[in-house]
Amino acid sequence: MSGFEFVFSLFGLLLGLALAAGLGGLARALKVRHRVRIGWPTALLGLFVTCDVVTFWMYGWAMRDAIEISWPAMFGGFVVTGLYYVAASLVFPDDPEDWGDLDGHFDKQRRLVLGAVLACNVALLTTVTVLTDLPPMDLRQVIITWSFFPVSVLAIAVSDRRIVVACLLWLIALYPLSLWWQA
């Protein structure tokens, strides 16, 4: 087993559990959708967290040659993947029928979820910067990489749900845009 395989066995497990927590919450909400309104904000938040977890997993693979086994790498990776797990498990309530309308749950939890995902991305960008060279600054990097941070902060800071939903739509659009718009 290589060092990367050893390190990533823990991270992969936690990221897989994060995806399972999000999907489990979605499944519980869908089972009671005839009594509970899920709403676009909650659905978009779940999609955003899922896309970001998968993207983090892909970055882990891309950086496999640069990651060394060390206490900071293991603990830092644990903190980040643990944050993803917590964020994913907060998107949907444990018992959706307690809410009646998941928009109320969204309003209560979105700052924590978005803040956790933002912290994970700050950690990722810091790690990429330390272990590799940043790609040259061009229009693609500014839009796809750097717009993520102010839009995330805006979604955390504002109270108007319409603005938060617009921010989530932008953040979600960045994932297919990054595939379509290759450097």
# chains A, B, ... in the order shown; residues from 1 in each chain; ligands from 1
>>> residues_around(residues="range 43-52 of chain A", least_positions_apart="3", cutoff="6 Å", atoms="only C-alpha atoms", output="PyMOL selection string")
chain A and resi 40+55+91+172
>>> write_last_selection(atoms="C-alpha atoms", output="PDB file, in the first residue's frame")
ATOM      1  CA  TRP A  40     -35.568  24.754  -4.006  1.00  0.00           C
ATOM      2  CA  THR A  55     -14.652  17.835  -6.451  1.00  0.00           C
ATOM      3  CA  VAL A  91     -28.548  19.913   4.764  1.00  0.00           C
ATOM      4  CA  ILE A 172     -23.398  24.995  -8.733  1.00  0.00           C
TER       5      ILE A 172
END
>>> residues_around(residues="range 9-24 of chain A", least_positions_apart="2", cutoff="7 Å", atoms="only C-alpha atoms", output="JSON, numbers by chain")
{"A": [5, 6, 7, 26, 27, 28, 46, 50, 53, 77, 78, 81, 82, 84, 85, 88, 89, 91]}
>>> write_last_selection(atoms="N, CA and C atoms", output="PDB file, in the first residue's frame")
ATOM      1  N   GLU A   5      -2.383   5.819  -0.661  1.00  0.00           N
ATOM      2  CA  GLU A   5      -3.492   4.900  -0.406  1.00  0.00           C
ATOM      3  C   GLU A   5      -3.811   4.824   1.084  1.00  0.00           C
ATOM      4  N   PHE A   6      -2.769   4.849   1.907  1.00  0.00           N
ATOM      5  CA  PHE A   6      -2.970   4.819   3.348  1.00  0.00           C
ATOM      6  C   PHE A   6      -3.706   6.071   3.820  1.00  0.00           C
ATOM      7  N   VAL A   7      -3.208   7.232   3.412  1.00  0.00           N
ATOM      8  CA  VAL A   7      -3.803   8.502   3.816  1.00  0.00           C
ATOM      9  C   VAL A   7      -5.226   8.617   3.285  1.00  0.00           C
ATOM     10  N   LEU A  26     -31.740  13.246   1.909  1.00  0.00           N
ATOM     11  CA  LEU A  26     -32.615  13.430   0.745  1.00  0.00           C
ATOM     12  C   LEU A  26     -33.653  12.317   0.673  1.00  0.00           C
ATOM     13  N   ALA A  27     -33.219  11.089   0.894  1.00  0.00           N
ATOM     14  CA  ALA A  27     -34.159   9.958   0.842  1.00  0.00           C
ATOM     15  C   ALA A  27     -35.251  10.104   1.901  1.00  0.00           C
ATOM     16  N   ARG A  28     -34.873  10.498   3.121  1.00  0.00           N
ATOM     17  CA  ARG A  28     -35.885  10.691   4.180  1.00  0.00           C
ATOM     18  C   ARG A  28     -36.873  11.785   3.785  1.00  0.00           C
ATOM     19  N   GLY A  46     -28.163  20.964  -1.056  1.00  0.00           N
ATOM     20  CA  GLY A  46     -27.726  19.565  -1.115  1.00  0.00           C
ATOM     21  C   GLY A  46     -26.917  19.269  -2.364  1.00  0.00           C
ATOM     22  N   THR A  50     -22.893  18.227  -2.433  1.00  0.00           N
ATOM     23  CA  THR A  50     -22.514  16.999  -3.127  1.00  0.00           C
ATOM     24  C   THR A  50     -21.464  17.271  -4.195  1.00  0.00           C
ATOM     25  N   VAL A  53     -18.083  18.003  -2.481  1.00  0.00           N
ATOM     26  CA  VAL A  53     -17.447  16.808  -1.920  1.00  0.00           C
ATOM     27  C   VAL A  53     -16.787  16.004  -3.032  1.00  0.00           C
ATOM     28  N   GLY A  77      -6.428  16.649   6.878  1.00  0.00           N
ATOM     29  CA  GLY A  77      -7.383  15.923   6.035  1.00  0.00           C
ATOM     30  C   GLY A  77      -8.589  15.454   6.814  1.00  0.00           C
ATOM     31  N   PHE A  78      -8.355  15.013   8.057  1.00  0.00           N
ATOM     32  CA  PHE A  78      -9.474  14.604   8.903  1.00  0.00           C
ATOM     33  C   PHE A  78     -10.412  15.772   9.191  1.00  0.00           C
ATOM     34  N   THR A  81     -12.348  16.635   5.878  1.00  0.00           N
ATOM     35  CA  THR A  81     -13.361  15.635   5.523  1.00  0.00           C
ATOM     36  C   THR A  81     -14.435  15.536   6.603  1.00  0.00           C
ATOM     37  N   GLY A  82     -14.051  15.762   7.854  1.00  0.00           N
ATOM     38  CA  GLY A  82     -15.056  15.805   8.925  1.00  0.00           C
ATOM     39  C   GLY A  82     -16.020  16.966   8.753  1.00  0.00           C
ATOM     40  N   TYR A  84     -16.837  18.308   5.908  1.00  0.00           N
ATOM     41  CA  TYR A  84     -17.735  17.928   4.812  1.00  0.00           C
ATOM     42  C   TYR A  84     -18.843  17.007   5.322  1.00  0.00           C
ATOM     43  N   TYR A  85     -18.489  16.057   6.167  1.00  0.00           N
ATOM     44  CA  TYR A  85     -19.502  15.153   6.705  1.00  0.00           C
ATOM     45  C   TYR A  85     -20.565  15.923   7.492  1.00  0.00           C
ATOM     46  N   ALA A  88     -22.744  18.015   5.096  1.00  0.00           N
ATOM     47  CA  ALA A  88     -23.695  17.194   4.341  1.00  0.00           C
ATOM     48  C   ALA A  88     -24.823  16.690   5.230  1.00  0.00           C
ATOM     49  N   SER A  89     -24.508  16.370   6.480  1.00  0.00           N
ATOM     50  CA  SER A  89     -25.558  15.839   7.354  1.00  0.00           C
ATOM     51  C   SER A  89     -26.491  16.922   7.880  1.00  0.00           C
ATOM     52  N   VAL A  91     -27.714  19.391   5.855  1.00  0.00           N
ATOM     53  CA  VAL A  91     -28.548  19.913   4.764  1.00  0.00           C
ATOM     54  C   VAL A  91     -30.016  19.548   4.978  1.00  0.00           C
TER      55      VAL A  91
END
>>> closest_residue(among="A:Ala62, A:Leu30, A:Ile163, A:Val86", to="Gln109 in chain A", atoms="only C-alpha atoms")
A:Val86
>>> atom_distance(atom1="CA of Arg110 in chain A", atom2="CA of Val54 in chain A")
19.4 Å
>>> closest_residue(among="A:Val164, A:Leu114, A:Ile143, A:Met63", to="Phe8 in chain A", atoms="only C-alpha atoms")
A:Met63
>>> atom_distance(atom1="CA of Tyr59 in chain A", atom2="CA of Cys120 in chain A")
12.0 Å
>>> select_by_dssp(residues="chain A", states="helix (DSSP H, G or I)", output="MDAnalysis selection string")
chainID A and resid 3:31 40:62 71:91 96:98 102:131 139:146 148:157 161:180
>>> closest_residue(among="A:Phe4, A:Ile69, A:Asp133, A:Lys108", to="Ser159 in chain A", atoms="only C-alpha atoms")
A:Lys108
>>> atom_distance(atom1="CA of Pro72 in chain A", atom2="CA of Ser152 in chain A")
26.3 Å
>>> closest_residue(among="A:Leu174, A:Ile38, A:Leu169, A:Val117", to="Val153 in chain A", atoms="only C-alpha atoms")
A:Val117
>>> closest_residue(among="A:Gly115, A:Pro150, A:Gly3, A:Pro176", to="Leu83 in chain A", atoms="only C-alpha atoms")
A:Gly115
>>> closest_residue(among="A:Val142, A:Met74, A:Val36, A:Val80", to="Phe56 in chain A", atoms="only C-alpha atoms")
A:Val80
>>> decode(residues="range 102-123 of chain A", atoms="N, CA, C and O atoms", output="PDB file, in the first residue's frame")
ATOM      1  N   LEU A 102     -39.191  22.549   4.478  1.00  0.00           N
ATOM      2  CA  LEU A 102     -37.753  22.505   4.734  1.00  0.00           C
ATOM      3  C   LEU A 102     -37.056  23.844   4.514  1.00  0.00           C
ATOM      4  O   LEU A 102     -35.876  23.981   4.826  1.00  0.00           O
ATOM      5  N   ASP A 103     -37.777  24.843   3.994  1.00  0.00           N
ATOM      6  CA  ASP A 103     -37.171  26.167   3.869  1.00  0.00           C
ATOM      7  C   ASP A 103     -36.799  26.726   5.240  1.00  0.00           C
ATOM      8  O   ASP A 103     -35.794  27.416   5.385  1.00  0.00           O
ATOM      9  N   GLY A 104     -37.583  26.419   6.258  1.00  0.00           N
ATOM     10  CA  GLY A 104     -37.259  26.855   7.615  1.00  0.00           C
ATOM     11  C   GLY A 104     -35.969  26.201   8.115  1.00  0.00           C
ATOM     12  O   GLY A 104     -35.130  26.845   8.746  1.00  0.00           O
ATOM     13  N   HIS A 105     -35.822  24.918   7.832  1.00  0.00           N
ATOM     14  CA  HIS A 105     -34.585  24.217   8.197  1.00  0.00           C
ATOM     15  C   HIS A 105     -33.397  24.805   7.427  1.00  0.00           C
ATOM     16  O   HIS A 105     -32.320  24.995   7.994  1.00  0.00           O
ATOM     17  N   PHE A 106     -33.613  25.094   6.152  1.00  0.00           N
ATOM     18  CA  PHE A 106     -32.569  25.718   5.322  1.00  0.00           C
ATOM     19  C   PHE A 106     -32.117  27.032   5.951  1.00  0.00           C
ATOM     20  O   PHE A 106     -30.910  27.283   6.087  1.00  0.00           O
ATOM     21  N   ASP A 107     -33.074  27.870   6.319  1.00  0.00           N
ATOM     22  CA  ASP A 107     -32.734  29.167   6.916  1.00  0.00           C
ATOM     23  C   ASP A 107     -31.932  28.997   8.209  1.00  0.00           C
ATOM     24  O   ASP A 107     -31.040  29.797   8.493  1.00  0.00           O
ATOM     25  N   LYS A 108     -32.222  27.962   8.959  1.00  0.00           N
ATOM     26  CA  LYS A 108     -31.546  27.737  10.231  1.00  0.00           C
ATOM     27  C   LYS A 108     -30.129  27.180  10.047  1.00  0.00           C
ATOM     28  O   LYS A 108     -29.237  27.499  10.830  1.00  0.00           O
ATOM     29  N   GLN A 109     -29.906  26.353   9.023  1.00  0.00           N
ATOM     30  CA  GLN A 109     -28.644  25.621   8.899  1.00  0.00           C
ATOM     31  C   GLN A 109     -27.709  26.117   7.791  1.00  0.00           C
ATOM     32  O   GLN A 109     -26.527  25.787   7.795  1.00  0.00           O
ATOM     33  N   ARG A 110     -28.196  26.897   6.844  1.00  0.00           N
ATOM     34  CA  ARG A 110     -27.398  27.196   5.646  1.00  0.00           C
ATOM     35  C   ARG A 110     -26.088  27.901   5.946  1.00  0.00           C
ATOM     36  O   ARG A 110     -25.087  27.638   5.293  1.00  0.00           O
ATOM     37  N   ARG A 111     -26.061  28.792   6.911  1.00  0.00           N
ATOM     38  CA  ARG A 111     -24.801  29.498   7.224  1.00  0.00           C
ATOM     39  C   ARG A 111     -23.740  28.512   7.713  1.00  0.00           C
ATOM     40  O   ARG A 111     -22.576  28.616   7.330  1.00  0.00           O
ATOM     41  N   LEU A 112     -24.138  27.588   8.538  1.00  0.00           N
ATOM     42  CA  LEU A 112     -23.203  26.589   9.044  1.00  0.00           C
ATOM     43  C   LEU A 112     -22.718  25.673   7.918  1.00  0.00           C
ATOM     44  O   LEU A 112     -21.520  25.392   7.812  1.00  0.00           O
ATOM     45  N   VAL A 113     -23.638  25.234   7.074  1.00  0.00           N
ATOM     46  CA  VAL A 113     -23.277  24.365   5.954  1.00  0.00           C
ATOM     47  C   VAL A 113     -22.352  25.103   4.989  1.00  0.00           C
ATOM     48  O   VAL A 113     -21.280  24.594   4.615  1.00  0.00           O
ATOM     49  N   LEU A 114     -22.740  26.294   4.576  1.00  0.00           N
ATOM     50  CA  LEU A 114     -21.924  27.054   3.630  1.00  0.00           C
ATOM     51  C   LEU A 114     -20.581  27.453   4.242  1.00  0.00           C
ATOM     52  O   LEU A 114     -19.555  27.441   3.554  1.00  0.00           O
ATOM     53  N   GLY A 115     -20.576  27.783   5.511  1.00  0.00           N
ATOM     54  CA  GLY A 115     -19.325  28.124   6.179  1.00  0.00           C
ATOM     55  C   GLY A 115     -18.367  26.944   6.235  1.00  0.00           C
ATOM     56  O   GLY A 115     -17.154  27.104   6.039  1.00  0.00           O
ATOM     57  N   ALA A 116     -18.892  25.763   6.505  1.00  0.00           N
ATOM     58  CA  ALA A 116     -18.052  24.563   6.539  1.00  0.00           C
ATOM     59  C   ALA A 116     -17.468  24.273   5.159  1.00  0.00           C
ATOM     60  O   ALA A 116     -16.276  23.976   5.028  1.00  0.00           O
ATOM     61  N   VAL A 117     -18.290  24.375   4.128  1.00  0.00           N
ATOM     62  CA  VAL A 117     -17.797  24.127   2.764  1.00  0.00           C
ATOM     63  C   VAL A 117     -16.779  25.198   2.367  1.00  0.00           C
ATOM     64  O   VAL A 117     -15.756  24.887   1.741  1.00  0.00           O
ATOM     65  N   LEU A 118     -17.033  26.430   2.735  1.00  0.00           N
ATOM     66  CA  LEU A 118     -16.069  27.498   2.452  1.00  0.00           C
ATOM     67  C   LEU A 118     -14.738  27.213   3.153  1.00  0.00           C
ATOM     68  O   LEU A 118     -13.662  27.347   2.543  1.00  0.00           O
ATOM     69  N   ALA A 119     -14.786  26.814   4.414  1.00  0.00           N
ATOM     70  CA  ALA A 119     -13.555  26.491   5.147  1.00  0.00           C
ATOM     71  C   ALA A 119     -12.794  25.350   4.472  1.00  0.00           C
ATOM     72  O   ALA A 119     -11.558  25.395   4.360  1.00  0.00           O
ATOM     73  N   CYS A 120     -13.513  24.349   3.987  1.00  0.00           N
ATOM     74  CA  CYS A 120     -12.871  23.235   3.273  1.00  0.00           C
ATOM     75  C   CYS A 120     -12.168  23.734   2.018  1.00  0.00           C
ATOM     76  O   CYS A 120     -11.060  23.287   1.690  1.00  0.00           O
ATOM     77  N   ASN A 121     -12.799  24.655   1.317  1.00  0.00           N
ATOM     78  CA  ASN A 121     -12.198  25.171   0.084  1.00  0.00           C
ATOM     79  C   ASN A 121     -11.013  26.086   0.359  1.00  0.00           C
ATOM     80  O   ASN A 121     -10.054  26.108  -0.412  1.00  0.00           O
ATOM     81  N   VAL A 122     -11.061  26.833   1.443  1.00  0.00           N
ATOM     82  CA  VAL A 122      -9.896  27.635   1.836  1.00  0.00           C
ATOM     83  C   VAL A 122      -8.729  26.698   2.151  1.00  0.00           C
ATOM     84  O   VAL A 122      -7.592  26.931   1.717  1.00  0.00           O
ATOM     85  N   ALA A 123      -9.007  25.619   2.892  1.00  0.00           N
ATOM     86  CA  ALA A 123      -7.964  24.642   3.207  1.00  0.00           C
ATOM     87  C   ALA A 123      -7.419  23.983   1.945  1.00  0.00           C
ATOM     88  O   ALA A 123      -6.203  23.801   1.806  1.00  0.00           O
TER      89      ALA A 123
END
